[in-house]
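Trainee: So I've got this file, coords.cif, and it contains mmCIF, C-alpha atoms:
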data_upload
loop_
_atom_site.group_PDB
_atom_site.id
_atom_site.type_symbol
_atom_site.label_atom_id
_atom_site.label_comp_id
_atom_site.auth_asym_id
_atom_site.auth_seq_id
_atom_site.Cartn_x
_atom_site.Cartn_y
_atom_site.Cartn_z
ATOM 1 C CA MET A 1 2.427 8.432 -5.179
ATOM 2 C CA ARG A 2 2.849 10.028 -8.600
ATOM 3 C CA LYS A 3 4.388 13.430 -9.176
ATOM 4 C CA LEU A 4 1.893 16.199 -8.646
ATOM 5 C CA VAL A 5 1.899 19.660 -10.098
ATOM 6 C CA LEU A 6 0.922 21.128 -6.771
ATOM 7 C CA ALA A 7 3.606 19.191 -4.928
ATOM 8 C CA LEU A 8 4.395 21.932 -2.447
ATOM 9 C CA ALA A 9 0.765 22.059 -1.392
ATOM 10 C CA VAL A 10 0.641 18.276 -1.123
ATOM 11 C CA THR A 11 3.822 18.257 0.954
ATOM 12 C CA ALA A 12 2.214 20.744 3.313
ATOM 13 C CA VAL A 13 -0.810 18.455 3.588
ATOM 14 C CA LEU A 14 1.444 15.507 4.444
ATOM 15 C CA VAL A 15 3.219 17.451 7.139
ATOM 16 C CA GLY A 16 -0.146 18.564 8.480
ATOM 17 C CA ALA A 17 -1.363 14.966 8.460
ATOM 18 C CA ALA A 18 1.627 13.921 10.529
ATOM 19 C CA VAL A 19 0.859 16.636 13.068
ATOM 20 C CA ILE A 20 -2.812 15.651 13.174
ATOM 21 C CA TYR A 21 -1.831 12.020 13.689
ATOM 22 C CA ALA A 22 0.440 12.892 16.608
ATOM 23 C CA VAL A 23 -2.306 14.936 18.253
ATOM 24 C CA SER A 24 -4.977 12.256 17.724
ATOM 25 C CA ALA A 25 -2.664 9.556 19.046
ATOM 26 C CA ARG A 26 -2.102 11.515 22.250
ATOM 27 C CA SER A 27 -5.823 12.153 22.661
ATOM 28 C CA ALA A 28 -6.496 8.418 22.271
ATOM 29 C CA ALA A 29 -4.333 7.545 25.273
ATOM 30 C CA THR A 30 -7.425 6.917 27.411
ATOM 31 C CA VAL A 31 -8.719 4.116 25.134
ATOM 32 C CA PRO A 32 -8.230 0.747 26.880
ATOM 33 C CA ALA A 33 -5.675 -1.420 25.071
ATOM 34 C CA GLU A 34 -6.054 -5.153 24.541
ATOM 35 C CA ARG A 35 -3.508 -7.797 23.614
ATOM 36 C CA LEU A 36 -4.206 -8.907 20.045
ATOM 37 C CA THR A 37 -2.748 -11.915 18.266
ATOM 38 C CA LEU A 38 -2.937 -12.741 14.582
ATOM 39 C CA ALA A 39 -5.593 -15.293 13.667
ATOM 40 C CA PRO A 40 -6.809 -16.618 10.270
ATOM 41 C CA GLY A 41 -9.841 -14.808 8.895
ATOM 42 C CA GLN A 42 -9.606 -11.956 11.388
ATOM 43 C CA LEU A 43 -10.094 -8.456 9.981
ATOM 44 C CA LEU A 44 -7.569 -6.026 11.413
ATOM 45 C CA PHE A 45 -7.312 -2.340 10.569
ATOM 46 C CA ARG A 46 -6.125 1.028 11.809
ATOM 47 C CA GLY A 47 -8.803 2.789 13.797
ATOM 48 C CA THR A 48 -8.743 6.362 12.571
ATOM 49 C CA ASP A 49 -10.342 7.556 15.807
ATOM 50 C CA THR A 50 -7.543 6.072 17.943
ATOM 51 C CA GLY A 51 -4.650 5.511 15.543
ATOM 52 C CA ARG A 52 -4.425 1.970 16.922
ATOM 53 C CA VAL A 53 -4.562 -1.454 15.320
ATOM 54 C CA THR A 54 -8.069 -2.805 15.884
ATOM 55 C CA ALA A 55 -9.760 -6.182 15.378
ATOM 56 C CA LEU A 56 -13.349 -6.327 14.125
ATOM 57 C CA GLY A 57 -15.523 -9.072 15.571
ATOM 58 C CA SER A 58 -18.213 -10.906 13.581
ATOM 59 C CA ASP A 59 -20.810 -9.077 15.687
ATOM 60 C CA GLY A 60 -19.304 -5.680 14.851
ATOM 61 C CA SER A 61 -17.516 -5.335 18.200
ATOM 62 C CA ARG A 62 -13.991 -3.932 18.315
ATOM 63 C CA ARG A 63 -10.876 -4.931 20.208
ATOM 64 C CA VAL A 64 -8.309 -2.131 20.308
ATOM 65 C CA SER A 65 -4.610 -2.880 20.723
ATOM 66 C CA GLY A 66 -1.915 -0.602 22.084
ATOM 67 C CA LEU A 67 -0.106 -0.509 18.729
ATOM 68 C CA ARG A 68 -0.322 2.819 16.909
ATOM 69 C CA CYS A 69 0.285 2.936 13.145
ATOM 70 C CA ASP A 70 -0.315 5.171 10.149
ATOM 71 C CA ARG A 71 -0.411 2.138 7.859
ATOM 72 C CA PHE A 72 -0.795 -1.522 8.809
ATOM 73 C CA ALA A 73 -0.774 -4.878 6.981
ATOM 74 C CA VAL A 74 -0.569 -8.560 7.877
ATOM 75 C CA ALA A 75 -0.203 -12.005 6.278
ATOM 76 C CA GLN A 76 0.378 -15.341 7.997
ATOM 77 C CA GLN A 77 2.155 -14.560 11.292
ATOM 78 C CA THR A 78 3.912 -11.392 10.091
ATOM 79 C CA ALA A 79 2.678 -7.814 10.232
ATOM 80 C CA VAL A 80 4.101 -4.425 9.335
ATOM 81 C CA CYS A 81 3.310 -1.109 10.956
ATOM 82 C CA LEU A 82 4.358 2.238 9.478
ATOM 83 C CA ALA A 83 4.430 4.970 12.108
ATOM 84 C CA VAL A 84 5.649 8.494 11.440
ATOM 85 C CA GLN A 85 7.902 9.800 14.178
ATOM 86 C CA PRO A 86 6.354 12.844 15.899
ATOM 87 C CA ASP A 87 8.056 16.221 15.641
ATOM 88 C CA THR A 88 10.425 15.238 12.802
ATOM 89 C CA LEU A 89 10.865 17.580 9.828
ATOM 90 C CA PRO A 90 11.496 16.315 7.221
ATOM 91 C CA ALA A 91 9.342 13.379 8.254
ATOM 92 C CA VAL A 92 10.886 10.081 9.393
ATOM 93 C CA THR A 93 8.886 6.848 9.471
ATOM 94 C CA ASP A 94 9.491 3.797 11.634
ATOM 95 C CA VAL A 95 8.947 0.568 9.712
ATOM 96 C CA LEU A 96 8.036 -1.964 12.402
ATOM 97 C CA VAL A 97 8.073 -5.671 11.591
ATOM 98 C CA LEU A 98 5.840 -7.630 13.980
ATOM 99 C CA ASP A 99 5.295 -11.276 14.862
ATOM 100 C CA GLY A 100 2.029 -13.122 15.468
ATOM 101 C CA ASN A 101 1.654 -11.476 18.881
ATOM 102 C CA LEU A 102 2.137 -8.009 17.326
ATOM 103 C CA THR A 103 5.495 -7.763 19.081
ATOM 104 C CA VAL A 104 8.164 -5.732 17.280
ATOM 105 C CA VAL A 105 10.944 -8.004 15.993
ATOM 106 C CA HIS A 106 12.655 -5.508 13.682
ATOM 107 C CA ARG A 107 12.687 -1.754 13.183
ATOM 108 C CA GLU A 108 13.925 0.484 10.392
ATOM 109 C CA SER A 109 13.767 4.284 10.492
ATOM 110 C CA LEU A 110 13.519 5.755 7.002
ATOM 111 C CA PRO A 111 12.920 9.262 5.604
ATOM 112 C CA GLY A 112 9.400 9.953 4.403
ATOM 113 C CA THR A 113 5.712 9.846 5.286
ATOM 114 C CA PRO A 114 3.721 6.544 5.281
ATOM 115 C CA SER A 115 1.723 5.801 2.134
ATOM 116 C CA ARG A 116 1.285 2.036 1.550
ATOM 117 C CA ALA A 117 2.188 -1.164 3.418
ATOM 118 C CA ARG A 118 1.868 -4.856 2.591
ATOM 119 C CA VAL A 119 3.117 -8.322 3.610
ATOM 120 C CA SER A 120 3.710 -11.102 1.071
ATOM 121 C CA PRO A 121 1.220 -14.006 1.228
ATOM 122 C CA ASP A 122 3.862 -16.311 2.755
ATOM 123 C CA GLY A 123 4.683 -13.747 5.454
ATOM 124 C CA LYS A 124 8.368 -13.619 4.490
ATOM 125 C CA LEU A 125 8.524 -10.145 2.936
ATOM 126 C CA VAL A 126 7.237 -6.798 4.125
ATOM 127 C CA TYR A 127 7.169 -3.842 1.757
ATOM 128 C CA TRP A 128 6.052 -0.261 1.841
ATOM 129 C CA THR A 129 5.830 3.069 0.059
ATOM 130 C CA LEU A 130 6.808 6.389 1.602
ATOM 131 C CA PHE A 131 6.276 9.938 0.358
ATOM 132 C CA VAL A 132 9.599 11.798 0.275
ATOM 133 C CA THR A 133 10.804 15.261 -0.686
ATOM 134 C CA GLY A 134 14.072 16.672 -1.946
ATOM 135 C CA ASP A 135 15.016 14.284 -4.774
ATOM 136 C CA SER A 136 17.180 16.188 -7.246
ATOM 137 C CA TYR A 137 15.205 14.814 -10.210
ATOM 138 C CA ALA A 138 11.856 15.796 -8.728
ATOM 139 C CA ALA A 139 11.171 19.141 -10.351
ATOM 140 C CA THR A 140 7.952 19.259 -8.382
ATOM 141 C CA GLY A 141 9.824 18.558 -5.132
ATOM 142 C CA PHE A 142 7.817 15.387 -4.531
ATOM 143 C CA SER A 143 8.393 11.661 -5.054
ATOM 144 C CA THR A 144 7.978 8.210 -3.522
ATOM 145 C CA ARG A 145 10.242 5.520 -2.131
ATOM 146 C CA ALA A 146 9.243 1.843 -2.189
ATOM 147 C CA GLY A 147 11.244 -0.614 -0.078
ATOM 148 C CA ILE A 148 11.349 -4.302 0.842
ATOM 149 C CA TYR A 149 12.512 -6.167 3.953
ATOM 150 C CA ASP A 150 13.151 -9.927 3.942
ATOM 151 C CA VAL A 151 12.032 -11.236 7.328
ATOM 152 C CA SER A 152 13.975 -14.506 7.078
ATOM 153 C CA SER A 153 17.327 -13.148 5.865
ATOM 154 C CA GLY A 154 17.226 -9.594 7.195
ATOM 155 C CA ARG A 155 17.967 -8.170 3.743
ATOM 156 C CA LEU A 156 16.780 -4.584 3.351
ATOM 157 C CA VAL A 157 16.104 -2.879 0.024
ATOM 158 C CA LYS A 158 15.506 0.765 0.889
ATOM 159 C CA THR A 159 14.331 1.609 -2.624
ATOM 160 C CA VAL A 160 13.558 -0.412 -5.748
ATOM 161 C CA GLU A 161 14.396 2.476 -8.064
ATOM 162 C CA GLU A 162 17.316 0.493 -9.524
ATOM 163 C CA LEU A 163 14.926 -2.174 -10.831
ATOM 164 C CA ALA A 164 15.661 -2.843 -14.511
ATOM 165 C CA VAL A 165 12.386 -2.246 -16.370
ATOM 166 C CA PHE A 166 11.669 -3.055 -20.007
ATOM 167 C CA VAL A 167 9.074 -1.516 -22.320
ATOM 168 C CA ASP A 168 8.408 -3.469 -25.530
ATOM 169 C CA GLY A 169 11.680 -5.333 -24.996
ATOM 170 C CA ARG A 170 13.800 -2.234 -24.465
ATOM 171 C CA ARG A 171 15.309 -1.077 -21.203
ATOM 172 C CA TYR A 172 13.539 2.032 -19.905
ATOM 173 C CA PHE A 173 15.647 4.870 -18.547
ATOM 174 C CA ALA A 174 14.387 8.114 -17.007
ATOM 175 C CA SER A 175 15.622 10.301 -14.187
ATOM 176 C CA ASP A 176 12.157 10.666 -12.651
ATOM 177 C CA VAL A 177 11.266 6.967 -12.203
ATOM 178 C CA ASN A 178 9.234 6.235 -9.088
ATOM 179 C CA TYR A 179 7.627 3.033 -7.789
ATOM 180 C CA TRP A 180 4.781 2.539 -5.350
ATOM 181 C CA GLY A 181 2.106 0.096 -4.271
ATOM 182 C CA LEU A 182 3.997 -3.212 -4.445
ATOM 183 C CA THR A 183 2.098 -6.521 -4.278
ATOM 184 C CA PHE A 184 3.686 -10.002 -4.225
ATOM 185 C CA ALA A 185 2.560 -13.426 -5.431
ATOM 186 C CA ALA A 186 2.484 -16.501 -3.191
ATOM 187 C CA ASP A 187 5.941 -17.591 -4.391
ATOM 188 C CA GLY A 188 7.549 -14.519 -2.816
ATOM 189 C CA ASN A 189 9.302 -13.685 -6.087
ATOM 190 C CA ARG A 190 6.773 -12.466 -8.667
ATOM 191 C CA PHE A 191 5.416 -9.023 -7.875
ATOM 192 C CA TYR A 192 3.552 -6.105 -9.396
ATOM 193 C CA ALA A 193 4.013 -2.386 -8.814
ATOM 194 C CA THR A 194 3.180 1.043 -10.155
ATOM 195 C CA LEU A 195 5.843 2.804 -12.184
ATOM 196 C CA GLY A 196 5.428 6.563 -12.412
ATOM 197 C CA SER A 197 7.442 8.550 -14.958
ATOM 198 C CA ARG A 198 7.004 11.559 -17.251
ATOM 199 C CA GLY A 199 3.496 12.257 -16.034
ATOM 200 C CA LYS A 200 2.159 8.728 -16.608
ATOM 201 C CA THR A 201 1.664 5.574 -14.544
ATOM 202 C CA TYR A 202 2.198 1.964 -15.602
ATOM 203 C CA LEU A 203 1.675 -1.528 -14.238
ATOM 204 C CA VAL A 204 4.994 -3.366 -13.939
ATOM 205 C CA ALA A 205 5.332 -7.146 -13.561
ATOM 206 C CA GLY A 206 8.523 -7.843 -11.633
ATOM 207 C CA ASP A 207 10.879 -10.711 -10.816
ATOM 208 C CA LEU A 208 12.623 -10.128 -7.498
ATOM 209 C CA ARG A 209 15.399 -12.701 -7.907
ATOM 210 C CA ARG A 210 16.341 -11.419 -11.361
ATOM 211 C CA TYR A 211 15.596 -7.868 -10.184
ATOM 212 C CA GLN A 212 13.891 -6.794 -13.362
ATOM 213 C CA GLY A 213 10.417 -6.130 -14.646
ATOM 214 C CA LYS A 214 8.360 -5.277 -17.692
ATOM 215 C CA VAL A 215 5.556 -2.807 -18.325
ATOM 216 C CA LEU A 216 2.159 -4.423 -18.937
ATOM 217 C CA ARG A 217 -0.156 -1.453 -19.451
ATOM 218 C CA GLU A 218 -0.754 2.232 -18.720
ATOM 219 C CA ASN A 219 -2.932 4.015 -16.128
ATOM 220 C CA VAL A 220 -2.635 1.472 -13.334
ATOM 221 C CA GLU A 221 -1.921 2.517 -9.744
ATOM 222 C CA CYS A 222 -1.638 0.654 -6.444
ATOM 223 C CA PRO A 223 -2.095 -2.905 -7.780
ATOM 224 C CA SER A 224 -3.226 -5.662 -5.422
ATOM 225 C CA LEU A 225 -2.762 -9.279 -6.524
ATOM 226 C CA SER A 226 -5.666 -11.691 -5.998
ATOM 227 C CA PRO A 227 -5.077 -14.785 -3.807
ATOM 228 C CA ASP A 228 -5.215 -17.042 -6.883
ATOM 229 C CA GLY A 229 -2.599 -14.863 -8.590
ATOM 230 C CA THR A 230 -4.611 -14.286 -11.768
ATOM 231 C CA ARG A 231 -5.889 -10.711 -11.309
ATOM 232 C CA VAL A 232 -4.928 -7.380 -9.848
ATOM 233 C CA ALA A 233 -7.305 -4.901 -8.316
ATOM 234 C CA PHE A 234 -6.138 -1.363 -8.937
ATOM 235 C CA LYS A 235 -7.182 2.252 -9.117
ATOM 236 C CA LYS A 236 -7.119 4.084 -12.441
ATOM 237 C CA LYS A 237 -7.195 7.825 -12.851
ATOM 238 C CA VAL A 238 -10.454 9.098 -14.328
ATOM 239 C CA GLY A 239 -10.077 12.801 -13.558
ATOM 240 C CA ASP A 240 -8.132 15.366 -11.593
ATOM 241 C CA GLY A 241 -7.767 13.779 -8.150
ATOM 242 C CA ALA A 242 -10.314 11.051 -8.957
ATOM 243 C CA TRP A 243 -9.726 7.294 -9.259
ATOM 244 C CA ARG A 244 -11.957 4.328 -10.155
ATOM 245 C CA LEU A 245 -11.476 0.816 -8.751
ATOM 246 C CA SER A 246 -11.072 -1.892 -11.380
ATOM 247 C CA VAL A 247 -9.838 -5.475 -11.712
ATOM 248 C CA LEU A 248 -7.420 -6.572 -14.436
ATOM 249 C CA GLU A 249 -7.129 -10.163 -15.662
ATOM 250 C CA LEU A 250 -3.400 -10.676 -16.116
ATOM 251 C CA ALA A 251 -3.603 -13.293 -18.870
ATOM 252 C CA SER A 252 -5.868 -11.288 -21.174
ATOM 253 C CA LEU A 253 -5.384 -7.754 -19.749
ATOM 254 C CA ARG A 254 -9.167 -7.467 -19.757
ATOM 255 C CA GLU A 255 -10.390 -4.818 -17.330
ATOM 256 C CA THR A 256 -13.572 -4.844 -15.244
ATOM 257 C CA GLU A 257 -14.731 -1.723 -13.417
ATOM 258 C CA LEU A 258 -16.084 -2.464 -9.954
ATOM 259 C CA ALA A 259 -19.447 -1.337 -8.591
ATOM 260 C CA GLU A 260 -17.821 1.354 -6.433
ATOM 261 C CA VAL A 261 -18.372 4.557 -8.415
ATOM 262 C CA GLU A 262 -16.931 6.966 -5.842
ATOM 263 C CA SER A 263 -13.264 7.977 -6.024
ATOM 264 C CA VAL A 264 -11.002 5.555 -4.133
ATOM 265 C CA ASP A 265 -7.477 6.696 -3.321
ATOM 266 C CA ASP A 266 -6.282 3.462 -1.717
ATOM 267 C CA GLN A 267 -4.455 0.223 -2.419
ATOM 268 C CA ALA A 268 -7.251 -2.338 -2.374
ATOM 269 C CA LEU A 269 -6.995 -5.619 -0.454
ATOM 270 C CA TRP A 270 -8.458 -8.966 -1.503
ATOM 271 C CA ARG A 271 -10.457 -10.522 1.325
ATOM 272 C CA ASP A 272 -10.789 -13.659 -0.819
ATOM 273 C CA ASP A 273 -10.824 -14.445 -4.548
ATOM 274 C CA SER A 274 -14.201 -12.784 -5.013
ATOM 275 C CA THR A 275 -14.185 -9.776 -2.660
ATOM 276 C CA VAL A 276 -12.139 -6.583 -2.513
ATOM 277 C CA LEU A 277 -11.710 -4.313 0.529
ATOM 278 C CA TYR A 278 -10.639 -0.672 0.459
ATOM 279 C CA GLY A 279 -10.696 2.551 2.413
ATOM 280 C CA ARG A 280 -13.017 5.433 1.525
ATOM 281 C CA ASP A 281 -14.570 8.317 3.450
ATOM 282 C CA ASN A 282 -13.011 7.280 6.769
ATOM 283 C CA GLY A 283 -14.376 3.742 6.515
ATOM 284 C CA ILE A 284 -13.556 0.266 5.212
ATOM 285 C CA TRP A 285 -15.738 -0.969 2.374
ATOM 286 C CA SER A 286 -16.274 -4.260 0.571
ATOM 287 C CA VAL A 287 -17.282 -4.825 -3.052
ATOM 288 C CA PRO A 288 -17.522 -7.896 -5.333
ATOM 289 C CA ALA A 289 -14.528 -8.366 -7.632
ATOM 290 C CA ASP A 290 -16.609 -9.280 -10.690
ATOM 291 C CA GLY A 291 -18.135 -5.836 -11.216
ATOM 292 C CA GLY A 292 -21.542 -6.806 -9.807
ATOM 293 C CA GLY A 293 -23.231 -6.169 -6.489
ATOM 294 C CA ARG A 294 -22.796 -2.956 -4.571
ATOM 295 C CA PRO A 295 -20.347 -1.490 -2.029
ATOM 296 C CA VAL A 296 -20.945 -2.418 1.618
ATOM 297 C CA LEU A 297 -19.569 -0.456 4.584
ATOM 298 C CA LEU A 298 -17.830 -2.850 7.004
ATOM 299 C CA ALA A 299 -16.425 -0.428 9.577
ATOM 300 C CA ARG A 300 -16.481 3.302 10.258
ATOM 301 C CA ASP A 301 -13.508 5.270 11.605
ATOM 302 C CA ALA A 302 -11.276 2.685 9.964
ATOM 303 C CA ALA A 303 -8.506 2.473 7.363
ATOM 304 C CA SER A 304 -5.661 0.226 6.183
ATOM 305 C CA PRO A 305 -7.436 -3.164 6.352
#
As structure tokens, how would this structure be written, given the file I've shared?

Mentor:
Amino acid sequence: MRKLVLALAVTAVLVGAAVIYAVSARSAATVPAERLTLAPGQLLFRGTDTGRVTALGSDGSRRVSGLRCDRFAVAQQTAVCLAVQPDTLPAVTDVLVLDGNLTVVHRESLPGTPSRARVSPDGKLVYWTLFVTGDSYAATGFSTRAGIYDVSSGRLVKTVEELAVFVDGRRYFASDVNYWGLTFAADGNRFYATLGSRGKTYLVAGDLRRYQGKVLRENVECPSLSPDGTRVAFKKKVGDGAWRLSVLELASLRETELAEVESVDDQALWRDDSTVLYGRDNGIWSVPADGGGRPVLLARDAASP
């Protein structure tokens, strides 16, 4: 995500995570696989114990597919699976676009390690963020790459780094610009993303057709647009390696901290207009979006809802 001072150490962690994933995926080969199809209201996630896409039943039962991913997302009848290729250094990730039967209909192989994945509400766009190394501008040796694939046209944008961004009406230029954590509105054009530059993070409101955006406020990471399009859930940095989940009203820029007080390093997901899901401590949690209530654990050994 953002540049880190200890980038070399983080890079080592990412490489280690890829190795751990490959080992765990092989050890999960004995888990029976089921054929899953996409259905409205169904909660799907990546089982961290198997590495496979899993469906959670209303009674808490699990159906495990044969699809292995590091990150997974779905909307309508489109899904995306990010899967790091084993034994590749530097890391290479397969971006798999899937239909309603979780059958691969398109594949892109891109440099980097999986970080975030999403599908637009209309199911027509898939987008992702990868950790990458080796950018000449990255003095720390560490950066991100956010890309978009148009399912209907086949158009691929490998990186949105050329997006024209404005701050207080002026075009912003910097050699270290990075984007991550994209989230699209229902119209498939308006989107929000994190801009990282010069040690700070910002929320950017973007227009895909015009290919430009503007900065709305500072200290916003991994935004997630609500179904009604009026709010974004996001994580804000509150300390070294610590983030707090909050919700931002886009019209007023009024912020509400959510009841989850533990650090959440994830891009939240709206289950509906009043509930936010997220990954923490090897589990998927739910919390009200209005700042009330309390966090509820929905599934253990689970991530990427």

Trainee: For this file, the PyMOL selection byres ((chain A and resi 63) around 8) selects which residues, as a list in words?

Mentor: Ala33, Glu34, Leu36, Thr54, Ala55, Leu56, Gly57, Ser61, Arg62, Val64 and Ser65 of chain A

Trainee: Find the residue from A:Thr159, A:Asn178, A:Thr183, A:Thr129 that sits nearest to Thr201 (chain A); use only C-alpha atoms when measuring.

Mentor: A:Asn178

Trainee: Please expand the PyMOL selection byres ((chain A and resi 190) around 7) into the concrete residues it hits in this file, giving the result as a list in words.

Mentor: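 Applying the expression gives Phe184, Ala185, Asp187, Gly188, Asn189, Phe191, Gly206, Asp207 and Leu208 of chain A.
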
Trainee: Around (2.8, 5.6, 12.4) in the file's own coordinates, what residues are found within 9 Å if you use only C-alpha atoms, given back as a PyMOL selection string?

Mentor: chain A and resi 18+21-22+51+68-72+81-86+93-95+113-114

Trainee: Since we have the selection now, will you write its residues out, keeping C-alpha atoms, as a PDB file, in the frame of the given file?

Mentor:
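Output file part-v5.pdb follows:
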ATOM      1  CA  ALA A  18       1.627  13.921  10.529  1.00  0.00           C
ATOM      2  CA  TYR A  21      -1.831  12.020  13.689  1.00  0.00           C
ATOM      3  CA  ALA A  22       0.440  12.892  16.608  1.00  0.00           C
ATOM      4  CA  GLY A  51      -4.650   5.511  15.543  1.00  0.00           C
ATOM      5  CA  ARG A  68      -0.322   2.819  16.909  1.00  0.00           C
ATOM      6  CA  CYS A  69       0.285   2.936  13.145  1.00  0.00           C
ATOM      7  CA  ASP A  70      -0.315   5.171  10.149  1.00  0.00           C
ATOM      8  CA  ARG A  71      -0.411   2.138   7.859  1.00  0.00           C
ATOM      9  CA  PHE A  72      -0.795  -1.522   8.809  1.00  0.00           C
ATOM     10  CA  CYS A  81       3.310  -1.109  10.956  1.00  0.00           C
ATOM     11  CA  LEU A  82       4.358   2.238   9.478  1.00  0.00           C
ATOM     12  CA  ALA A  83       4.430   4.970  12.108  1.00  0.00           C
ATOM     13  CA  VAL A  84       5.649   8.494  11.440  1.00  0.00           C
ATOM     14  CA  GLN A  85       7.902   9.800  14.178  1.00  0.00           C
ATOM     15  CA  PRO A  86       6.354  12.844  15.899  1.00  0.00           C
ATOM     16  CA  THR A  93       8.886   6.848   9.471  1.00  0.00           C
ATOM     17  CA  ASP A  94       9.491   3.797  11.634  1.00  0.00           C
ATOM     18  CA  VAL A  95       8.947   0.568   9.712  1.00  0.00           C
ATOM     19  CA  THR A 113       5.712   9.846   5.286  1.00  0.00           C
ATOM     20  CA  PRO A 114       3.721   6.544   5.281  1.00  0.00           C
TER      21      PRO A 114
END

Trainee: What separation in Å, quoted to one decimal, exists between CA of Ala75 (chain A) and CA of Val247 (chain A)?

Mentor: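 A separation of 21.4 Å between them.
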
Trainee: Quick one, how far is CA of Leu250 (chain A) from CA of Ala73 (chain A)?

Mentor: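 We find that CA of Leu250 (chain A) and CA of Ala73 (chain A) lie 24.0 Å from each other.
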
Trainee: Pick out the closest residue to Gly241 (chain A) from this set: A:Asp265, A:Asp49, A:Asp150, A:Glu108. Count only C-alpha atoms.

Mentor: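 The answer is A:Asp265, which sits nearest to Gly241 (chain A).
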
Trainee: Reconstruct region 258-269 of chain A at the level of N, CA, C and O atoms, and format the result as a compact mmCIF listing (two decimals), in the frame of the given file.

Mentor:
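Saved result, rebuild.txt, follows:
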# COMPACT_ATOMS: atom_id res chain seq x y z
N LEU A 258 -15.30 -1.96 -11.08
CA LEU A 258 -16.08 -2.46 -9.95
C LEU A 258 -17.27 -1.55 -9.67
O LEU A 258 -17.37 -0.44 -10.19
N ALA A 259 -18.18 -2.04 -8.83
CA ALA A 259 -19.45 -1.34 -8.59
C ALA A 259 -19.26 -0.06 -7.77
O ALA A 259 -20.19 0.74 -7.69
N GLU A 260 -18.09 0.12 -7.17
CA GLU A 260 -17.82 1.35 -6.43
C GLU A 260 -17.57 2.49 -7.42
O GLU A 260 -16.58 2.47 -8.15
N VAL A 261 -18.49 3.46 -7.45
CA VAL A 261 -18.37 4.56 -8.41
C VAL A 261 -17.75 5.80 -7.81
O VAL A 261 -17.41 6.75 -8.54
N GLU A 262 -17.59 5.83 -6.47
CA GLU A 262 -16.93 6.97 -5.84
C GLU A 262 -15.41 6.85 -6.01
O GLU A 262 -14.88 5.76 -6.24
N SER A 263 -14.71 7.97 -5.90
CA SER A 263 -13.26 7.98 -6.02
C SER A 263 -12.63 7.23 -4.85
O SER A 263 -12.99 7.45 -3.69
N VAL A 264 -11.70 6.34 -5.15
CA VAL A 264 -11.00 5.56 -4.13
C VAL A 264 -9.51 5.77 -4.29
O VAL A 264 -8.91 5.33 -5.27
N ASP A 265 -8.92 6.46 -3.33
CA ASP A 265 -7.48 6.70 -3.32
C ASP A 265 -6.85 5.75 -2.29
O ASP A 265 -6.49 6.15 -1.19
N ASP A 266 -6.77 4.47 -2.65
CA ASP A 266 -6.28 3.46 -1.72
C ASP A 266 -5.74 2.28 -2.51
O ASP A 266 -6.09 2.09 -3.68
N GLN A 267 -4.87 1.50 -1.85
CA GLN A 267 -4.46 0.22 -2.42
C GLN A 267 -5.41 -0.83 -1.89
O GLN A 267 -5.45 -1.13 -0.70
N ALA A 268 -6.23 -1.38 -2.78
CA ALA A 268 -7.25 -2.34 -2.37
C ALA A 268 -6.62 -3.59 -1.78
O ALA A 268 -5.42 -3.86 -1.95
N LEU A 269 -7.43 -4.37 -1.08
CA LEU A 269 -7.00 -5.62 -0.45
C LEU A 269 -8.02 -6.70 -0.77
O LEU A 269 -9.23 -6.49 -0.61
